[in-house]
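Here the structure is laid out as C-alpha cells; the discussion comes afterwards.
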Amino acid sequence: MRVVVDSSAGLPPEVAEEYGIAVLNMHLTKGGTAGLSALELCACYARMLERGGDAGVVALHVPKELSSTWSAAVEASALFHESVRVVDTPTLGMGVGAAAVAAAQAANKGGDLEECYEAAIRVLDSAATFLYAHRLDELRRSGRVSAGTMMISTALASKPIMRVREGRVELAVKTRTQTRAFERLTELAVQAAGDKPVRVFLQEHEAREASRKLAALLEEALPEGSEVRILPLADVLAAHAGPGAIAVSIVDN
C-alpha cells in the first residue's frame, strides 16, 4: 500500500520519508497557485502502484472547494480500476498531513486499501483546523474566502480567526488584537480536545515568535499528554494566507 499527499499539507520531509509517503509539489505562480493536473497525478499514482506491487494507493489532496487538484485526482484515479482511493478531504494543512501519516501507518502494519482509507478518514473526522490571519490582503485577493465573510471580517475584525470546515474557509471568531486572537484559539483548541490529549500543529508564515507564544498558551491549557509542534506553512497556503498567518490543526493523539 502507498500513500500520496500534495505539498499543501506541509508534511515535514523527514516524516514523509519515514513513512514512505509521496509528496507532490503544487504549483506556485506569479499570480498565486495552480492545482496539479490529471496527467501529473496519473503519473504519480502509476509509479506508486508499481513500487507497491499494485496493492493500492490512498491519495489525499487539498479540498475540492479550494483547488482543482481534487477533481483532477478523481479523473486520474479512474484509470486504475479502483486501485486508487481519493479521499474527499474537508480540511487542509497538517489535518491532511496527519491523516496521510495514519494511512501510511496502517499500510506499514499490512492494512489493505480499505483499511488505510478508513485510517485516514478517522483522523479527518476528528480534525479541527483554524487559521489566524494577521492581515486580510492576501485572503481577499485569493478568492478562497466568500465575499460575505471578507466583508464581515474587514468591517468587524482586524485579526480574524477562520475555520476550515467541509472544505470551506469561514469566519469563526472576530478579534481585534493578536493577544485576544491567541486566547480565543486556545479556547477553541481546548474545546476541540475535550478531556483527551491531542496533537496540535501550528503552521506559520513569517510568524515564528508569535507561534511560540501561542504554543506556550496551548501547552498550558490542553489536557496532559497533548503535543504542540511548530512547522512552516506550505508555500501554496502562505501565498493565500499572507505574512503573519498561523494555521492551527488539532487532531486526536
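Ordering of the C-alpha cells sets the chain letters (A, B, ...), residue numbers begin anew at 1 in every chain, and ligands are numbered from 1 in the order given.
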
#### Entry: Per-residue DSSP, range 34-208 of chain A, filtered to strand (DSSP E), as a ChimeraX atom specification
/A:34,57-60,84-87,128-132,161-165,168-173,198-204

### Query
Neighbours of Arg163 in chain A within 12 Å (only C-alpha atoms; same-chain residues fewer than 6 positions away dropped), as a PyMOL selection string?
chain A and resi 90-92+127-133+145+149+169-174+185+188-189+246-250

Spatial neighbours of Val84 in chain A, max dist 12 Å, only C-alpha atoms, sep filter under 3 positions, as a PDB file with C-alpha atoms, in the first residue's frame:
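Writing the result to out-v5.pdb gives the following:
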```pdb
ATOM      1  CA  MET A   1       0.000   0.000   0.000  1.00  0.00           C
ATOM      2  CA  ARG A   2       1.182   3.511  -0.849  1.00  0.00           C
ATOM      3  CA  VAL A   3       0.071   6.969   0.265  1.00  0.00           C
ATOM      4  CA  VAL A   4       0.200  10.184  -1.778  1.00  0.00           C
ATOM      5  CA  LEU A  41      -1.348  12.778 -10.725  1.00  0.00           C
ATOM      6  CA  CYS A  42      -1.784   9.822 -13.066  1.00  0.00           C
ATOM      7  CA  CYS A  44       2.477   9.623  -9.671  1.00  0.00           C
ATOM      8  CA  TYR A  45      -0.225   7.047  -8.944  1.00  0.00           C
ATOM      9  CA  ALA A  46       1.236   4.726 -11.593  1.00  0.00           C
ATOM     10  CA  ARG A  47       4.705   4.965 -10.000  1.00  0.00           C
ATOM     11  CA  MET A  48       3.307   4.254  -6.551  1.00  0.00           C
ATOM     12  CA  LEU A  49       1.316   1.257  -7.753  1.00  0.00           C
ATOM     13  CA  GLY A  52       3.805  -1.198  -4.109  1.00  0.00           C
ATOM     14  CA  ASP A  54      -0.327  -2.902  -7.220  1.00  0.00           C
ATOM     15  CA  ALA A  55      -1.551  -3.164  -3.620  1.00  0.00           C
ATOM     16  CA  GLY A  56      -3.271   0.214  -3.929  1.00  0.00           C
ATOM     17  CA  VAL A  57      -2.869   3.944  -3.335  1.00  0.00           C
ATOM     18  CA  VAL A  58      -4.623   6.283  -0.922  1.00  0.00           C
ATOM     19  CA  ALA A  59      -4.435   9.884  -2.194  1.00  0.00           C
ATOM     20  CA  LEU A  60      -5.103  12.936  -0.023  1.00  0.00           C
ATOM     21  CA  ALA A  73      -7.167  13.334  -8.850  1.00  0.00           C
ATOM     22  CA  VAL A  74     -10.592  11.722  -9.305  1.00  0.00           C
ATOM     23  CA  GLU A  75     -10.129  11.839 -13.063  1.00  0.00           C
ATOM     24  CA  ALA A  76      -6.671  10.262 -12.796  1.00  0.00           C
ATOM     25  CA  SER A  77      -7.783   7.578 -10.328  1.00  0.00           C
ATOM     26  CA  ALA A  78     -10.483   6.361 -12.716  1.00  0.00           C
ATOM     27  CA  LEU A  79      -7.758   4.902 -14.929  1.00  0.00           C
ATOM     28  CA  PHE A  80      -6.641   2.439 -12.246  1.00  0.00           C
ATOM     29  CA  HIS A  81      -9.777   0.325 -11.731  1.00  0.00           C
ATOM     30  CA  VAL A  87     -10.059  10.973  -0.062  1.00  0.00           C
ATOM     31  CA  ASP A 112      -5.317  -3.214   2.705  1.00  0.00           C
ATOM     32  CA  LEU A 113      -6.661  -0.323   0.645  1.00  0.00           C
ATOM     33  CA  GLU A 114      -9.919  -0.021   2.576  1.00  0.00           C
ATOM     34  CA  CYS A 116      -5.725   2.525   5.030  1.00  0.00           C
ATOM     35  CA  TYR A 117      -8.508   4.687   3.618  1.00  0.00           C
TER      36      TYR A 117
END
```

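Computed from the coordinates, the CA of His61 in chain A to CA of Thr89 in chain A distance equals 6.8 Å.
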
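Between CA of Ala245 in chain A and CA of Ala215 in chain A the separation is 14.2 Å.
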
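For the pair CA of Val86 in chain A and CA of Ala119 in chain A, the separation is 13.3 Å.
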
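Shortest separation to Thr69 in chain A among A:Gly35, A:Gly53, A:Gly194, A:Gly10 occurs at residue A:Gly35, atoms counted being only C-alpha atoms.
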
### All alpha helix (DSSP H) residues (DSSP, backbone) inside range 6-161 of chain A, as an NGL selection string
:A and (13-19 or 38-51 or 69-77 or 94-108 or 113-126 or 137-142 or 147-156)

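Counting only C-alpha atoms and comparing A:Arg168, A:Arg199, A:His27, A:Arg51, the residue that lies closest to Val228 in chain A is A:Arg199.
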
### Shell of 9 Å around Ile230 in chain A, only C-alpha atoms, local chain residues under 6 positions omitted, as a list of chain:residue names
A:Val200, A:Phe201, A:Leu202, A:Gln203, A:Glu204, A:Arg208, A:Ser211, A:Arg212, A:Ala215

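Candidate residues A:Glu219, A:Ser8, A:Ala120, A:His240 were compared for distance to Arg85 in chain A, and the nearest is A:Ala120, using only C-alpha atoms.
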
### Task
Pick out the residues sitting within 12 Å of Arg122 in chain A, and hand them over as a count of residues only; count only C-alpha atoms, and ignore anything fewer than 6 positions along from it in its own chain.
16

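Minimum atom-to-atom distances from A:Ala216, A:Ala16, A:Leu28, A:Leu11 to Ala239 in chain A were compared using only C-alpha atoms, and the lowest value belongs to A:Leu28.
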
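Between Leu222 in chain A and the residues A:Ala22, A:Gly244, A:Leu237, A:Lys196, the shortest atom-to-atom distance, using only C-alpha atoms, involves A:Lys196.
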